[in-house]
>>> print(open('run20.txt').read())   # compact mmCIF, C-alpha atoms
# COMPACT_ATOMS: atom_id res chain seq x y z
CA MET A 1234 6.22 75.81 -5.99
CA ARG A 1235 4.99 76.40 -9.60
CA VAL A 1236 6.97 76.73 -12.75
CA SER A 1237 4.94 78.72 -15.32
CA ALA A 1238 5.46 79.38 -19.02
CA ALA A 1239 6.26 75.74 -19.59
CA PHE A 1240 7.97 74.77 -22.84
CA SER A 1241 9.49 78.29 -23.02
CA THR A 1242 12.87 76.72 -23.70
CA THR A 1243 11.61 74.27 -26.28
CA SER A 1244 10.98 74.60 -29.98
CA ALA A 1245 7.49 73.16 -29.41
CA ALA A 1246 6.55 76.08 -27.18
CA ALA A 1247 8.00 78.56 -29.64
CA ALA A 1248 5.93 76.98 -32.41
CA LEU A 1249 2.80 77.28 -30.32
CA ARG A 1250 3.42 80.98 -29.69
CA LEU A 1251 4.09 81.54 -33.36
CA LEU A 1252 0.82 79.80 -34.16
CA PHE A 1253 -1.11 82.49 -32.28
CA SER A 1254 1.13 85.48 -32.98
CA SER A 1255 -1.24 86.86 -35.63
CA CYS A 1256 -4.36 86.67 -33.45
CA ASP A 1257 -6.01 90.01 -32.54
CA HIS A 1258 -9.03 89.05 -30.42
CA PRO A 1259 -8.16 90.15 -26.87
CA LYS A 1260 -10.76 87.88 -25.30
CA THR A 1261 -9.82 84.71 -27.15
CA LEU A 1262 -8.50 82.02 -24.81
CA ILE A 1263 -5.40 80.12 -25.84
CA PRO A 1264 -4.34 76.84 -24.20
CA PHE A 1265 -0.95 76.84 -22.49
CA TYR A 1266 0.64 74.60 -19.91
CA SER A 1267 1.97 75.37 -16.51
CA TRP A 1268 3.63 72.79 -14.29
CA THR A 1269 2.99 72.07 -10.65
CA ARG A 1270 5.84 70.55 -8.69
CA HIS A 1271 4.85 67.59 -6.51
CA PRO A 1272 5.48 68.38 -2.83
CA SER A 1273 6.96 64.90 -2.26
CA THR A 1274 9.69 65.14 -4.87
CA LEU A 1275 11.95 67.69 -6.50
CA THR A 1276 11.97 66.02 -9.88
CA GLN A 1277 8.41 65.04 -10.74
CA PHE A 1278 5.99 67.50 -12.33
CA THR A 1279 2.35 67.24 -13.36
CA PRO A 1280 1.02 69.13 -16.41
CA ARG A 1281 -1.84 71.56 -15.68
CA LEU A 1282 -3.82 73.20 -18.45
CA ARG A 1283 -4.50 76.91 -18.12
CA MET A 1284 -5.92 79.52 -20.50
CA VAL A 1285 -4.34 82.88 -21.31
CA HIS A 1286 -5.91 85.90 -23.04
CA ASN A 1287 -4.95 86.59 -26.64
CA THR A 1288 -3.69 90.14 -27.01
CA HIS A 1289 -4.03 90.32 -30.81
CA ASN A 1290 -7.04 91.08 -33.02
CA ASN A 1291 -6.81 88.49 -35.80
CA ASP A 1292 -9.39 85.70 -35.98
CA LEU A 1293 -8.38 82.24 -34.94
CA SER A 1294 -8.97 79.80 -37.74
CA PRO A 1295 -10.59 76.44 -36.92
CA SER A 1296 -7.45 74.70 -38.09
CA SER A 1297 -5.34 76.77 -35.71
CA VAL A 1298 -7.56 75.94 -32.76
CA SER A 1299 -7.52 72.27 -33.70
CA ALA A 1300 -3.74 72.26 -34.00
CA ALA A 1301 -3.37 73.94 -30.63
CA ALA A 1302 -5.69 71.44 -28.94
CA SER A 1303 -3.91 68.55 -30.58
CA PHE A 1304 -0.53 69.85 -29.50
CA SER A 1305 -1.78 70.38 -25.93
CA SER A 1306 -3.08 66.83 -25.72
CA SER A 1307 0.08 65.24 -27.11
CA ALA A 1308 2.30 67.41 -24.92
CA ALA A 1309 0.43 66.34 -21.81
CA ALA A 1310 0.73 62.68 -22.77
CA SER A 1311 4.44 63.02 -23.46
CA ALA A 1312 5.05 64.81 -20.18
CA SER A 1313 3.13 62.18 -18.26
CA ALA A 1314 5.11 59.38 -19.90
CA ALA A 1315 8.40 61.13 -19.24
CA ALA A 1316 7.68 61.84 -15.57
CA PRO A 1317 9.71 59.48 -13.39
CA THR A 1318 7.97 57.19 -10.93
CA ASP A 1319 9.14 56.93 -7.37
CA LYS A 1320 7.38 53.64 -6.59
CA PRO A 1321 9.89 51.46 -4.70
CA LYS A 1322 10.76 48.04 -6.03
CA THR A 1323 9.83 45.05 -3.91
CA GLN A 1324 12.94 43.35 -2.58
CA THR A 1325 13.50 39.76 -3.74
CA TRP A 1326 13.46 36.96 -1.19
CA LEU A 1327 15.74 33.92 -1.31
CA ILE A 1328 14.10 30.76 0.06
CA VAL A 1329 16.47 27.83 0.55
CA GLY A 1330 15.71 24.24 1.46
CA LEU A 1331 18.54 22.08 2.76
CA GLY A 1332 19.18 18.45 1.91
CA ASN A 1333 21.44 16.02 0.07
CA PRO A 1334 21.30 15.42 -3.70
CA GLY A 1335 20.73 12.01 -5.27
CA LYS A 1336 18.10 9.27 -5.19
CA ARG A 1337 19.68 7.66 -2.16
CA TYR A 1338 18.51 10.56 0.02
CA ASN A 1339 15.08 11.16 -1.49
CA GLY A 1340 12.31 11.00 1.08
CA THR A 1341 14.63 10.87 4.08
CA ARG A 1342 14.34 13.01 7.17
CA HIS A 1343 17.48 14.99 6.43
CA ASN A 1344 15.95 16.13 3.12
CA VAL A 1345 12.76 17.61 4.52
CA GLY A 1346 14.04 21.10 3.61
CA PHE A 1347 14.21 20.03 -0.05
CA GLU A 1348 10.66 18.71 0.16
CA MET A 1349 9.32 21.94 1.65
CA VAL A 1350 10.82 23.97 -1.20
CA ASP A 1351 9.42 21.51 -3.76
CA TYR A 1352 5.99 21.90 -2.16
CA ILE A 1353 6.23 25.70 -2.37
CA ALA A 1354 7.41 25.57 -5.99
CA GLN A 1355 4.57 23.30 -7.05
CA ALA A 1356 1.91 25.30 -5.21
CA GLU A 1357 3.13 28.62 -6.67
CA GLY A 1358 3.91 27.35 -10.18
CA ILE A 1359 7.64 28.04 -9.98
CA SER A 1360 9.90 25.86 -12.13
CA MET A 1361 12.98 24.42 -10.40
CA GLY A 1362 14.50 23.10 -13.61
CA SER A 1363 17.61 25.28 -13.85
CA ILE A 1364 20.97 24.81 -12.15
CA SER A 1365 22.78 27.91 -10.88
CA PHE A 1366 25.27 28.53 -8.10
CA LYS A 1367 25.56 24.79 -7.39
CA ALA A 1368 21.83 24.58 -6.73
CA LEU A 1369 18.58 23.58 -8.34
CA PHE A 1370 17.18 27.03 -8.86
CA GLY A 1371 13.91 28.72 -9.69
CA LYS A 1372 12.57 32.27 -9.96
CA GLY A 1373 8.99 33.41 -9.64
CA GLN A 1374 6.52 35.25 -7.45
CA ILE A 1375 4.57 34.46 -4.32
CA ALA A 1376 1.68 36.84 -3.69
CA ASN A 1377 3.29 39.29 -6.17
CA VAL A 1378 6.57 39.27 -4.24
CA PRO A 1379 9.61 38.18 -6.33
CA VAL A 1380 11.30 35.09 -4.92
CA MET A 1381 14.18 32.76 -5.69
CA LEU A 1382 13.94 29.13 -4.62
CA ALA A 1383 17.09 27.07 -4.18
CA LYS A 1384 18.06 23.52 -3.24
CA PRO A 1385 21.87 23.37 -2.87
CA GLN A 1386 23.43 20.36 -4.58
CA THR A 1387 26.71 20.56 -2.69
CA PHE A 1388 25.67 18.01 -0.03
CA MET A 1389 24.46 19.23 3.31
CA ASN A 1390 27.79 20.06 4.95
CA ALA A 1391 28.76 22.49 2.17
CA SER A 1392 25.40 24.23 1.73
CA GLY A 1393 26.94 27.64 2.38
CA GLU A 1394 28.96 27.50 -0.84
CA SER A 1395 25.71 27.74 -2.78
CA VAL A 1396 23.63 29.92 -0.47
CA GLY A 1397 26.42 32.43 0.14
CA ALA A 1398 27.10 32.79 -3.59
CA ILE A 1399 23.43 33.40 -4.46
CA ALA A 1400 22.91 35.99 -1.72
CA SER A 1401 26.12 37.77 -2.65
CA TYR A 1402 25.54 37.83 -6.41
CA TYR A 1403 21.96 39.12 -6.16
CA ARG A 1404 22.75 41.37 -3.17
CA ILE A 1405 19.95 39.92 -1.10
CA PRO A 1406 19.89 41.19 2.50
CA LEU A 1407 20.36 38.40 5.02
CA ALA A 1408 17.08 39.42 6.63
CA GLN A 1409 15.41 38.19 3.43
CA VAL A 1410 17.17 34.83 3.16
CA LEU A 1411 14.88 32.15 4.58
CA VAL A 1412 16.57 28.78 5.23
CA ILE A 1413 14.39 25.69 5.76
CA PHE A 1414 15.91 22.62 7.39
CA ASP A 1415 15.25 19.57 9.57
CA ASP A 1416 15.55 19.71 13.35
CA MET A 1417 15.78 16.71 15.70
CA ASP A 1418 15.11 18.91 18.72
CA LEU A 1419 11.53 19.58 17.60
CA PRO A 1420 8.69 17.05 17.82
CA PHE A 1421 7.90 15.41 14.52
CA ALA A 1422 6.08 17.67 12.00
CA LYS A 1423 6.30 20.68 14.32
CA LEU A 1424 7.35 24.02 12.79
CA ARG A 1425 9.33 26.86 14.30
CA LEU A 1426 10.07 30.18 12.59
CA LEU A 1427 12.74 32.46 14.03
CA PRO A 1428 14.22 35.74 12.72
CA LYS A 1429 17.76 34.66 13.62
CA GLY A 1430 19.72 32.25 15.81
CA GLY A 1431 22.51 29.71 15.95
CA HIS A 1432 23.07 26.52 13.98
CA GLY A 1433 21.86 24.16 16.76
CA GLY A 1434 24.41 21.55 15.74
CA HIS A 1435 23.06 21.34 12.17
CA ASN A 1436 26.04 21.07 9.81
CA GLY A 1437 24.26 22.68 6.89
CA MET A 1438 23.33 25.73 8.95
CA LYS A 1439 26.81 25.86 10.42
CA ASN A 1440 28.32 26.06 6.94
CA ILE A 1441 25.87 28.75 5.84
CA ILE A 1442 26.74 30.91 8.85
CA ASN A 1443 30.42 30.52 8.00
CA HIS A 1444 29.80 31.75 4.44
CA PHE A 1445 27.79 34.67 5.83
CA LYS A 1446 30.98 35.73 7.62
CA GLY A 1447 29.67 34.52 10.95
CA SER A 1448 26.35 36.39 10.75
CA ARG A 1449 23.34 34.58 12.19
CA ASP A 1450 20.90 37.36 11.37
CA PHE A 1451 18.75 35.54 8.83
CA PRO A 1452 15.35 33.86 9.31
CA ARG A 1453 15.01 30.10 9.48
CA LEU A 1454 12.08 27.70 9.34
CA ARG A 1455 12.79 24.54 11.30
CA ILE A 1456 10.83 21.36 10.60
CA GLY A 1457 10.77 18.84 13.42
CA ILE A 1458 11.76 15.26 12.63
CA GLY A 1459 11.83 14.03 16.23
CA ARG A 1460 14.54 12.24 18.20
CA PRO A 1461 15.99 8.86 17.22
CA PRO A 1462 14.43 5.95 19.12
CA GLY A 1463 16.44 4.20 21.80
CA LYS A 1464 20.17 4.35 21.22
CA MET A 1465 20.01 4.72 17.44
CA ASP A 1466 22.83 6.72 15.89
CA PRO A 1467 21.46 10.15 14.92
CA MET A 1468 23.21 9.91 11.54
CA ASN A 1469 21.33 6.71 10.76
CA PHE A 1470 18.09 8.20 12.00
CA VAL A 1471 18.16 11.27 9.72
CA MET A 1472 18.69 8.96 6.73
CA ARG A 1473 15.55 6.95 7.47
CA PRO A 1474 12.46 7.40 5.27
CA PHE A 1475 9.10 8.42 6.66
CA THR A 1476 6.33 5.98 7.46
CA LYS A 1477 2.94 6.30 5.76
CA GLN A 1478 1.42 7.95 8.84
CA GLU A 1479 4.37 10.31 9.16
CA ARG A 1480 4.00 11.26 5.52
CA GLU A 1481 0.36 12.27 6.08
CA GLU A 1482 1.38 14.47 9.00
CA LEU A 1483 4.26 15.93 7.02
CA ASN A 1484 2.02 16.91 4.10
CA PHE A 1485 -0.19 18.80 6.54
CA THR A 1486 2.93 20.50 7.91
CA PHE A 1487 3.94 21.55 4.39
CA GLN A 1488 0.56 23.25 3.94
CA THR A 1489 1.14 25.19 7.14
CA GLY A 1490 4.68 26.02 6.03
CA LEU A 1491 3.47 27.37 2.68
CA GLU A 1492 0.94 29.64 4.40
CA ALA A 1493 3.69 30.79 6.78
CA VAL A 1494 5.90 31.77 3.83
CA ARG A 1495 3.07 33.75 2.25
CA ILE A 1496 2.45 35.62 5.50
CA LEU A 1497 6.18 36.23 5.89
CA LEU A 1498 6.47 37.88 2.48
CA LEU A 1499 3.36 40.01 2.85
CA GLU A 1500 3.16 40.82 6.54
CA GLY A 1501 6.61 40.25 7.98
CA ILE A 1502 8.46 37.90 10.29
CA ASN A 1503 6.51 38.69 13.46
CA ARG A 1504 3.09 37.88 12.02
CA SER A 1505 4.39 34.78 10.33
CA ALA A 1506 6.20 33.53 13.44
CA THR A 1507 3.03 34.01 15.50
CA PHE A 1508 1.08 31.99 12.96
CA VAL A 1509 3.65 29.19 12.76
CA ASN A 1510 4.45 28.89 16.42
CA SER A 1511 0.79 28.70 17.42
CA ALA A 1512 -0.29 26.33 14.64
CA LYS A 1513 -1.73 22.98 15.71
CA SER A 1514 -0.48 19.68 14.34
CA LEU A 1515 -2.66 17.24 12.39
CA GLU A 1516 -2.77 14.95 15.41
CA GLN A 1517 -4.09 17.77 17.60
CA LEU A 1518 -6.83 18.56 15.11
CA GLN A 1519 -8.09 14.97 14.87
>>> encode(input="run20.txt", output="structure tokens")
Amino acid sequence: MRVSAAFSTTSAAAALRLLFSSCDHPKTLIPFYSWTRHPSTLTQFTPRLRMVHNTHNNDLSPSSVSAAASFSSSAAASASAAAPTDKPKTQTWLIVGLGNPGKRYNGTRHNVGFEMVDYIAQAEGISMGSISFKALFGKGQIANVPVMLAKPQTFMNASGESVGAIASYYRIPLAQVLVIFDDMDLPFAKLRLLPKGGHGGHNGMKNIINHFKGSRDFPRLRIGIGRPPGKMDPMNFVMRPFTKQEREELNFTFQTGLEAVRILLLEGINRSATFVNSAKSLEQLQ
């Protein structure tokens, strides 16, 4: 569909017609604009220059021609600037690492979710210096995708108070809330990425699901910390620090986890899960 005689309802168009009203050369070409509607939208138009014959016999002065050309150029620029864009905005992701606040818990197995988020923040240059929604909080981009990083400071068992508030306030779909946490049911330093699932007995995940009104439809990245040796109390085990060898393996796991997050944001959960779930450990590579 085309809409011709553009600017007919504007004073600018009237001025342009008046400019050439005294011209008498029938073969003189005068610049006008018509507008072509984009087939993909009902609101966006593109200016198209066309030439119409002058039906008068007066000479066109150089200044008149110059003024007309200048007006045509500026009108096209204005129309282009005013035309709305229909490029969709990229949806923000919320990436949450679970753990307990305070020096007492630094470097312990239960805080491996915190460490993964810290690793991502450092690698991507995202500052985690602010405190919002009961969490250490940071905003930035990963591979040009806007992200929010959060480490809830509510203690593990109340993580949902922070995560639920952030997701609600920023209206982030649950499908784009990635929660990273420790898992005793996975071998040490092993990763598993799933699009949804239960809490698996993890109190932090249990609380998050409660604050999501029972919904389990959000992705999670599980980091294996292994089973407690012998008859050790699991609570004591998750509060133990890592050995030097374990730390080396864990740093390799964080590199894999970072790459998994990048793939997740750019290519989706299926590609990322395939990458994560088939990744080899440091021990297997040696």
>>> atom_distance(input="run20.txt", atom1="CA of Gly1434 (chain A)", atom2="CA of Arg1404 (chain A)")
27.4 Å
>>> atom_distance(input="run20.txt", atom1="CA of Glu1482 (chain A)", atom2="CA of Ala1368 (chain A)")
27.7 Å
>>> closest_atom_pairs(input="run20.txt", of="region 1460-1514 of chain A", to="region 1405-1427 of chain A", cutoff="10 Å", atoms="all atoms listed in the file", output="Markdown table")
| residue | atom | partner | partner_atom | distance |
| --- | --- | --- | --- | --- |
| A:Arg1460 | CA | A:Met1417 | CA | 5.3 |
| A:Pro1461 | CA | A:Met1417 | CA | 8.0 |
| A:Pro1467 | CA | A:Met1417 | CA | 8.7 |
| A:Phe1470 | CA | A:Met1417 | CA | 9.6 |
| A:Val1471 | CA | A:Met1417 | CA | 8.4 |
| A:Glu1479 | CA | A:Ala1422 | CA | 8.1 |
| A:Arg1480 | CA | A:Ala1422 | CA | 9.3 |
| A:Glu1481 | CA | A:Ala1422 | CA | 9.8 |
| A:Glu1482 | CA | A:Ala1422 | CA | 6.4 |
| A:Leu1483 | CA | A:Ala1422 | CA | 5.6 |
| A:Asn1484 | CA | A:Ala1422 | CA | 8.9 |
| A:Phe1485 | CA | A:Ala1422 | CA | 8.4 |
| A:Thr1486 | CA | A:Ala1422 | CA | 5.9 |
| A:Phe1487 | CA | A:Ala1422 | CA | 8.8 |
| A:Thr1489 | CA | A:Leu1424 | CA | 8.5 |
| A:Gly1490 | CA | A:Leu1424 | CA | 7.5 |
| A:Ala1493 | CA | A:Leu1426 | CA | 8.7 |
| A:Val1494 | CA | A:Leu1411 | CA | 9.0 |
| A:Leu1497 | CA | A:Leu1411 | CA | 9.7 |
| A:Leu1498 | CA | A:Gln1409 | CA | 9.0 |
| A:Ile1502 | CA | A:Leu1427 | CA | 7.9 |
| A:Asn1503 | CA | A:Leu1427 | CA | 8.8 |
| A:Ser1505 | CA | A:Leu1426 | CA | 7.7 |
| A:Ala1506 | CA | A:Leu1426 | CA | 5.2 |
| A:Thr1507 | CA | A:Leu1426 | CA | 8.5 |
| A:Phe1508 | CA | A:Leu1426 | CA | 9.2 |
| A:Val1509 | CA | A:Arg1425 | CA | 6.3 |
| A:Asn1510 | CA | A:Arg1425 | CA | 5.7 |
| A:Ser1511 | CA | A:Arg1425 | CA | 9.3 |
| A:Ala1512 | CA | A:Leu1424 | CA | 8.2 |
| A:Lys1513 | CA | A:Lys1423 | CA | 8.5 |
| A:Ser1514 | CA | A:Lys1423 | CA | 6.9 |
>>> residues_near_point(input="run20.txt", point="(4.5, 34.6, -2.6)", cutoff="12 Å", atoms="only C-alpha atoms", output="PyMOL selection string")
chain A and resi 1323+1325-1328+1353-1354+1356-1359+1372-1382+1491-1500
>>> closest_residue(input="run20.txt", among="A:Asn1344, A:Glu1394, A:Thr1476, A:Met1349", to="Lys1446 (chain A)", atoms="only C-alpha atoms")
A:Glu1394
>>> closest_residue(input="run20.txt", among="A:Leu1331, A:Ile1399, A:Met1472, A:Ile1364", to="His1435 (chain A)", atoms="only C-alpha atoms")
A:Leu1331
>>> atom_distance(input="run20.txt", atom1="CA of Ser1448 (chain A)", atom2="CA of Val1345 (chain A)")
24.0 Å
>>> closest_residue(input="run20.txt", among="A:Thr1341, A:Gly1393, A:Gly1501, A:Gln1488", to="Gln1355 (chain A)", atoms="all atoms listed in the file")
A:Gln1488
>>> axis_aligned_box(input="run20.txt", around="region 1346-1350 of chain A", padding_each_side="3 Å", output="JSON")
{"center_x": 11.8, "center_y": 21.3, "center_z": 1.2, "size_x": 10.9, "size_y": 11.3, "size_z": 10.8}
>>> closest_residue(input="run20.txt", among="A:Phe1388, A:Phe1366, A:Tyr1338, A:Tyr1352", to="Gly1437 (chain A)", atoms="only C-alpha atoms")
A:Phe1388
>>> closest_residue(input="run20.txt", among="A:Ala1391, A:Arg1504, A:Gly1330, A:Arg1473", to="Asn1440 (chain A)", atoms="all atoms listed in the file")
A:Ala1391
